[in-house]
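Just work-v3.pdb here, PDB, C-alpha atoms:
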ATOM      1  CA  MET A   1     -58.003-160.333 -95.305
ATOM      2  CA  SER A   2     -56.414-159.200 -92.072
ATOM      3  CA  GLU A   3     -58.581-158.979 -89.015
ATOM      4  CA  ALA A   4     -58.524-155.188 -89.116
ATOM      5  CA  ALA A   5     -59.805-155.166 -92.702
ATOM      6  CA  VAL A   6     -62.626-157.570 -91.816
ATOM      7  CA  MET A   7     -63.636-155.378 -88.884
ATOM      8  CA  HIS A   8     -63.736-152.208 -90.983
ATOM      9  CA  SER A   9     -65.544-153.738 -93.927
ATOM     10  CA  ALA A  10     -68.739-154.141 -91.812
ATOM     11  CA  VAL A  11     -71.917-152.991 -93.553
ATOM     12  CA  GLU A  12     -73.204-149.489 -92.712
ATOM     13  CA  PRO A  13     -76.481-149.597 -90.750
ATOM     14  CA  ALA A  14     -79.456-149.107 -93.061
ATOM     15  CA  GLU A  15     -81.034-145.665 -93.151
ATOM     16  CA  SER A  16     -84.678-145.303 -92.204
ATOM     17  CA  PRO A  17     -86.568-144.888 -95.510
ATOM     18  CA  LEU A  18     -88.437-141.658 -94.845
ATOM     19  CA  THR A  19     -86.402-140.159 -92.019
ATOM     20  CA  PRO A  20     -82.789-141.029 -92.815
ATOM     21  CA  GLU A  21     -81.425-139.340 -89.741
ATOM     22  CA  SER A  22     -83.436-141.340 -87.239
ATOM     23  CA  TRP A  23     -85.259-144.688 -87.124
ATOM     24  CA  GLY A  24     -86.915-143.615 -83.892
ATOM     25  CA  LYS A  25     -88.591-140.695 -85.623
ATOM     26  CA  LEU A  26     -90.212-142.924 -88.235
ATOM     27  CA  GLY A  27     -91.251-145.321 -85.488
ATOM     28  CA  MET A  28     -92.874-142.526 -83.532
ATOM     29  CA  TRP A  29     -94.772-141.252 -86.588
ATOM     30  CA  ILE A  30     -96.119-144.724 -87.305
ATOM     31  CA  PHE A  31     -97.110-145.145 -83.662
ATOM     32  CA  LEU A  32     -98.878-141.775 -83.750
ATOM     33  CA  ALA A  33    -100.789-142.777 -86.883
ATOM     34  CA  GLY A  34    -102.093-145.813 -85.006
ATOM     35  CA  ASP A  35    -102.833-143.829 -81.862
ATOM     36  CA  ALA A  36    -104.703-141.317 -84.005
ATOM     37  CA  MET A  37    -106.964-144.153 -85.107
ATOM     38  CA  SER A  38    -107.667-145.044 -81.475
ATOM     39  CA  PHE A  39    -108.712-141.488 -80.720
ATOM     40  CA  GLY A  40    -110.495-141.260 -84.043
ATOM     41  CA  ALA A  41    -112.579-144.314 -83.279
ATOM     42  CA  LEU A  42    -113.542-142.909 -79.868
ATOM     43  CA  ILE A  43    -114.405-139.476 -81.252
ATOM     44  CA  VAL A  44    -116.416-140.883 -84.169
ATOM     45  CA  GLY A  45    -118.219-143.256 -81.799
ATOM     46  CA  TYR A  46    -119.026-140.352 -79.519
ATOM     47  CA  GLY A  47    -120.282-138.292 -82.458
ATOM     48  CA  LEU A  48    -122.566-141.012 -83.742
ATOM     49  CA  LEU A  49    -123.978-141.820 -80.291
ATOM     50  CA  ARG A  50    -124.678-138.135 -79.764
ATOM     51  CA  TYR A  51    -126.200-137.628 -83.203
ATOM     52  CA  ALA A  52    -128.493-140.609 -82.685
ATOM     53  CA  SER A  53    -129.605-139.483 -79.244
ATOM     54  CA  PRO A  54    -132.839-137.497 -78.904
ATOM     55  CA  ASN A  55    -131.994-135.715 -75.654
ATOM     56  CA  TRP A  56    -128.276-134.963 -75.538
ATOM     57  CA  PRO A  57    -127.527-131.994 -73.255
ATOM     58  CA  VAL A  58    -125.775-128.945 -74.692
ATOM     59  CA  PRO A  59    -122.148-129.419 -73.606
ATOM     60  CA  SER A  60    -121.399-125.720 -73.117
ATOM     61  CA  GLU A  61    -124.220-125.636 -70.544
ATOM     62  CA  VAL A  62    -122.930-128.605 -68.542
ATOM     63  CA  LEU A  63    -119.171-128.336 -68.927
ATOM     64  CA  GLY A  64    -116.987-125.445 -67.870
ATOM     65  CA  ILE A  65    -115.833-123.793 -71.085
ATOM     66  CA  ASN A  66    -113.732-121.196 -69.276
ATOM     67  CA  LEU A  67    -111.557-123.722 -67.461
ATOM     68  CA  THR A  68    -111.230-125.878 -70.573
ATOM     69  CA  ALA A  69    -110.323-122.878 -72.705
ATOM     70  CA  PHE A  70    -107.536-122.189 -70.225
ATOM     71  CA  MET A  71    -106.484-125.859 -70.443
ATOM     72  CA  THR A  72    -106.347-125.559 -74.233
ATOM     73  CA  PHE A  73    -104.215-122.437 -73.924
ATOM     74  CA  LEU A  74    -101.970-124.325 -71.455
ATOM     75  CA  LEU A  75    -101.354-127.221 -73.836
ATOM     76  CA  ILE A  76    -100.693-124.888 -76.754
ATOM     77  CA  CYS A  77     -98.130-123.024 -74.617
ATOM     78  CA  SER A  78     -96.508-126.312 -73.597
ATOM     79  CA  SER A  79     -96.265-127.264 -77.267
ATOM     80  CA  VAL A  80     -94.449-123.995 -77.919
ATOM     81  CA  THR A  81     -92.031-124.568 -75.031
ATOM     82  CA  MET A  82     -91.455-128.127 -76.307
ATOM     83  CA  VAL A  83     -90.497-126.949 -79.787
ATOM     84  CA  LEU A  84     -88.350-124.176 -78.281
ATOM     85  CA  SER A  85     -86.497-126.758 -76.185
ATOM     86  CA  LEU A  86     -85.738-128.702 -79.380
ATOM     87  CA  SER A  87     -84.614-125.506 -81.052
ATOM     88  CA  ALA A  88     -82.310-124.807 -78.100
ATOM     89  CA  ILE A  89     -80.636-128.232 -78.027
ATOM     90  CA  LYS A  90     -80.136-128.106 -81.811
ATOM     91  CA  MET A  91     -78.082-124.945 -81.245
ATOM     92  CA  GLY A  92     -76.246-126.569 -78.328
ATOM     93  CA  ASP A  93     -77.986-124.383 -75.757
ATOM     94  CA  ARG A  94     -78.286-126.823 -72.851
ATOM     95  CA  ARG A  95     -79.677-124.208 -70.455
ATOM     96  CA  GLY A  96     -82.427-123.412 -72.928
ATOM     97  CA  LEU A  97     -83.219-127.100 -73.332
ATOM     98  CA  ARG A  98     -83.509-127.495 -69.542
ATOM     99  CA  LYS A  99     -85.642-124.397 -69.108
ATOM    100  CA  PHE A 100     -88.099-125.102 -71.910
ATOM    101  CA  LEU A 101     -88.424-128.843 -71.332
ATOM    102  CA  LEU A 102     -89.072-128.169 -67.635
ATOM    103  CA  LEU A 103     -91.737-125.613 -68.602
ATOM    104  CA  THR A 104     -93.314-128.199 -70.915
ATOM    105  CA  ILE A 105     -93.467-130.730 -68.084
ATOM    106  CA  LEU A 106     -94.956-128.138 -65.735
ATOM    107  CA  GLY A 107     -97.541-127.202 -68.353
ATOM    108  CA  GLY A 108     -98.546-130.845 -68.616
ATOM    109  CA  LEU A 109     -98.810-131.203 -64.843
ATOM    110  CA  LEU A 110    -100.901-128.053 -64.585
ATOM    111  CA  PHE A 111    -103.197-129.373 -67.327
ATOM    112  CA  LEU A 112    -103.673-132.619 -65.393
ATOM    113  CA  GLY A 113    -104.373-130.665 -62.205
ATOM    114  CA  CYS A 114    -107.051-128.637 -63.981
ATOM    115  CA  GLN A 115    -108.544-131.792 -65.413
ATOM    116  CA  ALA A 116    -108.634-133.416 -61.964
ATOM    117  CA  TYR A 117    -110.431-130.357 -60.618
ATOM    118  CA  GLU A 118    -112.856-130.353 -63.556
ATOM    119  CA  TRP A 119    -113.640-134.043 -63.134
ATOM    120  CA  THR A 120    -114.151-133.730 -59.376
ATOM    121  CA  HIS A 121    -116.524-130.814 -59.849
ATOM    122  CA  LEU A 122    -118.471-132.681 -62.513
ATOM    123  CA  ILE A 123    -118.725-135.937 -60.581
ATOM    124  CA  THR A 124    -119.639-134.456 -57.210
ATOM    125  CA  GLU A 125    -121.839-131.543 -58.257
ATOM    126  CA  THR A 126    -122.805-130.859 -61.852
ATOM    127  CA  LEU A 127    -123.711-134.321 -63.109
ATOM    128  CA  PRO A 128    -125.804-135.387 -60.083
ATOM    129  CA  GLU A 129    -127.614-132.015 -60.191
ATOM    130  CA  ARG A 130    -128.622-132.583 -63.788
ATOM    131  CA  LYS A 131    -129.380-136.271 -63.362
ATOM    132  CA  LEU A 132    -126.660-137.143 -65.868
ATOM    133  CA  SER A 133    -124.997-140.045 -64.108
ATOM    134  CA  PHE A 134    -123.285-142.979 -65.809
ATOM    135  CA  SER A 135    -126.333-145.157 -65.411
ATOM    136  CA  THR A 136    -128.798-142.738 -66.940
ATOM    137  CA  HIS A 137    -127.084-141.080 -69.865
ATOM    138  CA  LEU A 138    -124.261-141.756 -72.304
ATOM    139  CA  PHE A 139    -123.101-138.142 -71.948
ATOM    140  CA  ALA A 140    -121.097-139.032 -68.830
ATOM    141  CA  THR A 141    -119.617-142.237 -70.261
ATOM    142  CA  THR A 142    -118.477-140.706 -73.536
ATOM    143  CA  PHE A 143    -117.111-137.604 -71.817
ATOM    144  CA  PHE A 144    -115.031-139.450 -69.222
ATOM    145  CA  VAL A 145    -113.758-142.139 -71.617
ATOM    146  CA  LEU A 146    -112.660-139.558 -74.166
ATOM    147  CA  THR A 147    -111.085-137.037 -71.787
ATOM    148  CA  GLY A 148    -109.714-139.822 -69.581
ATOM    149  CA  PHE A 149    -108.032-141.575 -72.497
ATOM    150  CA  HIS A 150    -106.487-138.257 -73.471
ATOM    151  CA  GLY A 151    -105.507-137.503 -69.854
ATOM    152  CA  MET A 152    -103.682-140.830 -69.724
ATOM    153  CA  HIS A 153    -101.736-139.772 -72.801
ATOM    154  CA  VAL A 154    -100.818-136.472 -71.151
ATOM    155  CA  THR A 155     -99.661-138.355 -68.036
ATOM    156  CA  GLY A 156     -97.562-140.666 -70.180
ATOM    157  CA  GLY A 157     -96.153-137.650 -71.976
ATOM    158  CA  VAL A 158     -95.199-135.926 -68.718
ATOM    159  CA  ILE A 159     -93.366-139.074 -67.572
ATOM    160  CA  TYR A 160     -91.753-139.469 -71.010
ATOM    161  CA  ASN A 161     -90.571-135.833 -71.088
ATOM    162  CA  SER A 162     -89.255-136.139 -67.523
ATOM    163  CA  CYS A 163     -87.195-139.190 -68.487
ATOM    164  CA  VAL A 164     -85.849-137.402 -71.576
ATOM    165  CA  LEU A 165     -84.981-134.335 -69.475
ATOM    166  CA  ALA A 166     -83.154-136.493 -66.912
ATOM    167  CA  ALA A 167     -81.240-138.331 -69.637
ATOM    168  CA  CYS A 168     -80.323-135.023 -71.312
ATOM    169  CA  LEU A 169     -79.050-133.635 -68.014
ATOM    170  CA  LEU A 170     -76.899-136.757 -67.640
ATOM    171  CA  GLY A 171     -75.531-136.091 -71.111
ATOM    172  CA  ARG A 172     -76.923-139.315 -72.542
ATOM    173  CA  TYR A 173     -79.698-137.941 -74.779
ATOM    174  CA  GLY A 174     -79.586-135.226 -77.412
ATOM    175  CA  ALA A 175     -81.570-133.395 -80.061
ATOM    176  CA  LYS A 176     -82.714-136.601 -81.748
ATOM    177  CA  HIS A 177     -84.435-137.859 -78.601
ATOM    178  CA  VAL A 178     -85.970-134.488 -77.771
ATOM    179  CA  GLU A 179     -87.383-134.298 -81.293
ATOM    180  CA  ILE A 180     -89.063-137.690 -80.977
ATOM    181  CA  ALA A 181     -90.515-136.805 -77.559
ATOM    182  CA  GLY A 182     -91.678-133.546 -79.099
ATOM    183  CA  LEU A 183     -93.608-135.391 -81.797
ATOM    184  CA  TYR A 184     -95.536-137.297 -79.119
ATOM    185  CA  TRP A 185     -96.242-134.150 -77.102
ATOM    186  CA  HIS A 186     -97.478-132.190 -80.130
ATOM    187  CA  PHE A 187     -99.736-135.117 -81.013
ATOM    188  CA  VAL A 188    -101.276-134.979 -77.517
ATOM    189  CA  ASP A 189    -101.856-131.241 -78.000
ATOM    190  CA  LEU A 190    -103.369-131.825 -81.427
ATOM    191  CA  VAL A 191    -105.819-134.413 -80.098
ATOM    192  CA  TRP A 192    -106.858-132.045 -77.309
ATOM    193  CA  ILE A 193    -107.583-129.348 -79.893
ATOM    194  CA  LEU A 194    -109.973-131.795 -81.573
ATOM    195  CA  ILE A 195    -111.534-132.981 -78.289
ATOM    196  CA  PHE A 196    -112.033-129.390 -77.125
ATOM    197  CA  THR A 197    -113.864-128.615 -80.359
ATOM    198  CA  PHE A 198    -116.025-131.726 -80.638
ATOM    199  CA  VAL A 199    -116.815-132.446 -76.990
ATOM    200  CA  TYR A 200    -116.932-129.007 -75.381
ATOM    201  CA  LEU A 201    -117.830-126.534 -78.097
ATOM    202  CA  LEU A 202    -119.955-128.331 -80.682
TER     203      LEU A 202
ATOM    204  CA  MET B   1     -83.490-132.008 -89.503
ATOM    205  CA  ALA B   2     -84.904-133.700 -92.609
ATOM    206  CA  THR B   3     -84.052-130.873 -95.001
ATOM    207  CA  GLU B   4     -82.092-127.753 -94.287
ATOM    208  CA  HIS B   5     -84.596-124.979 -93.805
ATOM    209  CA  ALA B   6     -85.033-121.764 -91.888
ATOM    210  CA  GLU B   7     -86.601-122.389 -88.518
ATOM    211  CA  PRO B   8     -90.352-121.728 -88.563
ATOM    212  CA  ASN B   9     -91.628-118.712 -86.691
ATOM    213  CA  TYR B  10     -92.823-120.659 -83.639
ATOM    214  CA  MET B  11     -94.172-117.633 -81.796
ATOM    215  CA  GLY B  12     -96.051-116.570 -84.923
ATOM    216  CA  VAL B  13     -97.734-119.993 -85.054
ATOM    217  CA  PHE B  14     -98.542-119.651 -81.346
ATOM    218  CA  TRP B  15    -100.359-116.362 -81.892
ATOM    219  CA  TRP B  16    -102.348-117.888 -84.750
ATOM    220  CA  LEU B  17    -103.315-120.848 -82.542
ATOM    221  CA  LEU B  18    -104.405-118.481 -79.783
ATOM    222  CA  ALA B  19    -106.440-116.341 -82.206
ATOM    223  CA  LEU B  20    -108.135-119.377 -83.763
ATOM    224  CA  THR B  21    -109.016-120.706 -80.299
ATOM    225  CA  ILE B  22    -110.621-117.397 -79.299
ATOM    226  CA  ILE B  23    -112.556-117.320 -82.585
ATOM    227  CA  GLU B  24    -113.753-120.885 -81.948
ATOM    228  CA  ILE B  25    -115.163-119.934 -78.557
ATOM    229  CA  ALA B  26    -116.816-116.858 -80.038
ATOM    230  CA  VAL B  27    -118.428-118.927 -82.812
ATOM    231  CA  ILE B  28    -120.569-120.993 -80.456
ATOM    232  CA  TYR B  29    -122.234-117.811 -79.225
ATOM    233  CA  MET B  30    -122.907-116.480 -82.716
ATOM    234  CA  PRO B  31    -126.578-116.271 -83.713
ATOM    235  CA  VAL B  32    -126.226-118.367 -86.865
ATOM    236  CA  ALA B  33    -127.595-121.695 -88.042
ATOM    237  CA  ARG B  34    -126.294-124.810 -86.293
ATOM    238  CA  LEU B  35    -124.856-126.142 -89.567
ATOM    239  CA  VAL B  36    -122.794-122.971 -89.993
ATOM    240  CA  VAL B  37    -121.448-123.358 -86.439
ATOM    241  CA  VAL B  38    -120.514-126.993 -87.149
ATOM    242  CA  ILE B  39    -118.741-126.136 -90.409
ATOM    243  CA  LEU B  40    -116.875-123.209 -88.857
ATOM    244  CA  LEU B  41    -115.757-125.193 -85.797
ATOM    245  CA  VAL B  42    -114.608-128.191 -87.835
ATOM    246  CA  GLY B  43    -112.712-125.855 -90.179
ATOM    247  CA  LEU B  44    -111.078-123.967 -87.305
ATOM    248  CA  ALA B  45    -110.129-127.164 -85.456
ATOM    249  CA  LEU B  46    -108.582-128.701 -88.570
ATOM    250  CA  SER B  47    -106.663-125.484 -89.238
ATOM    251  CA  LYS B  48    -105.209-125.522 -85.729
ATOM    252  CA  ALA B  49    -104.330-129.207 -86.066
ATOM    253  CA  ALA B  50    -102.643-128.494 -89.411
ATOM    254  CA  LEU B  51    -100.590-125.658 -87.893
ATOM    255  CA  VAL B  52     -99.343-127.912 -85.066
ATOM    256  CA  ALA B  53     -98.585-130.766 -87.474
ATOM    257  CA  LEU B  54     -96.894-128.712 -90.177
ATOM    258  CA  TYR B  55     -94.808-126.369 -88.047
ATOM    259  CA  PHE B  56     -94.374-127.816 -84.553
ATOM    260  CA  MET B  57     -94.017-131.389 -85.789
ATOM    261  CA  HIS B  58     -92.089-130.089 -88.821
ATOM    262  CA  LEU B  59     -94.179-132.116 -91.272
ATOM    263  CA  LYS B  60     -93.829-129.309 -93.815
ATOM    264  CA  PHE B  61     -90.114-130.029 -94.027
ATOM    265  CA  GLU B  62     -90.307-133.788 -94.163
ATOM    266  CA  ARG B  63     -90.760-136.050 -97.172
ATOM    267  CA  LEU B  64     -94.216-136.110 -98.716
ATOM    268  CA  THR B  65     -94.730-139.794 -97.929
ATOM    269  CA  LEU B  66     -94.468-139.085 -94.201
ATOM    270  CA  GLY B  67     -97.223-136.519 -94.660
ATOM    271  CA  ILE B  68     -99.344-139.176 -96.321
ATOM    272  CA  ILE B  69     -98.753-141.517 -93.370
ATOM    273  CA  ALA B  70     -99.834-138.724 -91.039
ATOM    274  CA  LEU B  71    -102.923-137.853 -93.101
ATOM    275  CA  THR B  72    -104.163-141.437 -93.489
ATOM    276  CA  PRO B  73    -105.897-141.686 -90.074
ATOM    277  CA  LEU B  74    -107.979-138.616 -90.908
ATOM    278  CA  ILE B  75    -109.102-140.152 -94.206
ATOM    279  CA  LEU B  76    -109.846-143.459 -92.499
ATOM    280  CA  CYS B  77    -111.918-141.671 -89.848
ATOM    281  CA  VAL B  78    -113.995-139.991 -92.566
ATOM    282  CA  PHE B  79    -114.622-143.458 -94.046
ATOM    283  CA  LEU B  80    -115.519-144.673 -90.557
ATOM    284  CA  ILE B  81    -118.141-141.960 -90.181
ATOM    285  CA  LEU B  82    -119.602-142.588 -93.642
ATOM    286  CA  MET B  83    -119.785-146.330 -93.092
ATOM    287  CA  LEU B  84    -121.491-145.988 -89.729
ATOM    288  CA  LEU B  85    -124.046-143.381 -90.781
ATOM    289  CA  PRO B  86    -126.604-145.955 -91.986
ATOM    290  CA  ASP B  87    -126.605-147.482 -88.506
ATOM    291  CA  ILE B  88    -127.942-144.397 -86.817
ATOM    292  CA  SER B  89    -131.563-144.963 -85.902
TER     293      SER B  89
END
As structure tokens, the full file:
Amino acid sequence: MSEAAVMHSAVEPAESPLTPESWGKLGMWIFLAGDAMSFGALIVGYGLLRYASPNWPVPSEVLGINLTAFMTFLLICSSVTMVLSLSAIKMGDRRGLRKFLLLTILGGLLFLGCQAYEWTHLITETLPERKLSFSTHLFATTFFVLTGFHGMHVTGGVIYNSCVLAACLLGRYGAKHVEIAGLYWHFVDLVWILIFTFVYLL
Amino acid sequence: MATEHAEPNYMGVFWWLLALTIIEIAVIYMPVARLVVVILLVGLALSKAALVALYFMHLKFERLTLGIIALTPLILCVFLILMLLPDIS
């Protein structure tokens, strides 16, 4: 065969089995399934430690439900802006992508700010007042490990979204990449919904 | 992206999520048995999670097998709880 024919008879890249349009999407879903197990193990561990404990404080009396309710609302809003940014880029609306992805990042930063405030207040005032320090009760340990692990995910997500936004502005990334970043961000929101319910409300 | 479909009503899902969150907070102040509170909160939380997964993550429009991959951690966590229950003392 001529060289040209050899070049053009190359095999087509394989399609991802479940998500033909994107290998990255399947990869992200599989990662999220594993990450869900990490959070699941922590939440189940927390639940069992609490259930087995004779003197666990009532969370709604120690933790600030109002601030956390606002934080939940914040993450839900940022999930909406994330999916709207994807919707925008799919229609070729680059301004919309910029606006909504920026709002998503800001929502994440605001959430982290609220969490920092919440933690500071707990560590310096509430927990010492109620004699619930790390050394005396598992309440503090389980709370900070669970919310801290989640907070780390939010931080990672903010950095991730910022990188995707920058790459989109440079014209290097598109809808496919925003969709994958969106999956991660919605997962972070989903986990917070569960943490809010099991750690703060129940 | 996976299948051609009308875009979900994202704002509609948002309002549902907001409503379910408000109901959740109200439930803990309701004068009912603890077990009822637990069941209601778990149900509400799972509903919110399902809404985010199905509509924001577009799971509803993906292949069924992807949904099974996504659901597996939940099933495994239920097993985890059941297997650890005997160790509570």
message: Distance cut-off 7 Å, counting only C-alpha atoms - which residues of chain A neighbour chain B? Return them as a PyMOL selection string.
response: chain A and resi 18-19+33+36-37+40+44+52+80+83+183+186+190+193-194+197+201-202
Produce a file of the selected residues containing C-alpha atoms, as a compact mmCIF listing (two decimals), in the frame of the given file.
# COMPACT_ATOMS: atom_id res chain seq x y z
CA LEU A 18 -88.44 -141.66 -94.84
CA THR A 19 -86.40 -140.16 -92.02
CA ALA A 33 -100.79 -142.78 -86.88
CA ALA A 36 -104.70 -141.32 -84.00
CA MET A 37 -106.96 -144.15 -85.11
CA GLY A 40 -110.50 -141.26 -84.04
CA VAL A 44 -116.42 -140.88 -84.17
CA ALA A 52 -128.49 -140.61 -82.68
CA VAL A 80 -94.45 -124.00 -77.92
CA VAL A 83 -90.50 -126.95 -79.79
CA LEU A 183 -93.61 -135.39 -81.80
CA HIS A 186 -97.48 -132.19 -80.13
CA LEU A 190 -103.37 -131.82 -81.43
CA ILE A 193 -107.58 -129.35 -79.89
CA LEU A 194 -109.97 -131.79 -81.57
CA THR A 197 -113.86 -128.62 -80.36
CA LEU A 201 -117.83 -126.53 -78.10
CA LEU A 202 -119.96 -128.33 -80.68
task: Name the residues that the PyMOL selection byres ((chain A and resi 158) around 10) picks from the file above, as a ChimeraX atom specification, using the file's chain letters and numbers.
output: /A:102,104-109,112,152-157,159-164,185
The PyMOL selection byres ((chain A and resi 177) around 12) resolved against shown file, as number ranges by chain: A: 21-25, 28, 85-86, 89-90, 160-161, 163-168, 171-176, 178-184
field: All residues 9 Å or closer to Thr72 of chain A, only C-alpha atoms, same chain fewer than 3 positions away omitted, as a PyMOL selection string
entry: (chain A and resi 67-69+75-77+111+189+192-193+196) or (chain B and resi 21)
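Nearest to His5 of chain B of all the residues B:Leu40, B:Leu35, B:Pro86, B:Lys60 is B:Lys60, counting all atoms listed in the file.
With atom CA of Leu110 of chain A on one side and atom CA of Thr124 of chain A on the other, the separation reads 21.1 Å.
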Nearby residues (all atoms listed in the file) at most 10 Å from Val62 of chain A, same-chain spacing under 5 positions excluded, as a list in words: Pro57, Leu122, Thr126, Leu127, Arg130, Leu132 and Tyr200 of chain A
With a distance cut-off of 9 Å and all atoms listed in the file, select the neighbouring residues of Ile123 of chain A, excluding the residue or stretch itself and same-chain residues fewer than 5 positions from it, and output the selection as a tab-separated table (two decimals) with C-alpha atoms, in the coordinates of the input.
chain	number	residue	atom	x	y	z
A	118	GLU	CA	-112.86	-130.35	-63.56
A	128	PRO	CA	-125.80	-135.39	-60.08
A	133	SER	CA	-125.00	-140.04	-64.11
message: When you look at Leu49 of chain A with a cut-off of 10 Å (counting only C-alpha atoms), what residues show up, excluding the ones that are within fewer than 4 positions of it in the same chain? I need them as a PyMOL selection string.
response: (chain A and resi 43-45+53-54+56+138-139+142) or (chain B and resi 88-89)
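Interatomic distance, atom CA of Thr136 of chain A to atom CA of Phe39 of chain A: 24.4 Å.
From atom CA of Phe100 of chain A back to atom CA of Ser47 of chain B, the distance works out to 25.4 Å.
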field: Selection: 6 Å around Ala88 of chain A, only C-alpha atoms, excl. self and same-chain fewer than 5 positions, as a PyMOL selection string
entry: chain A and resi 93+96-97
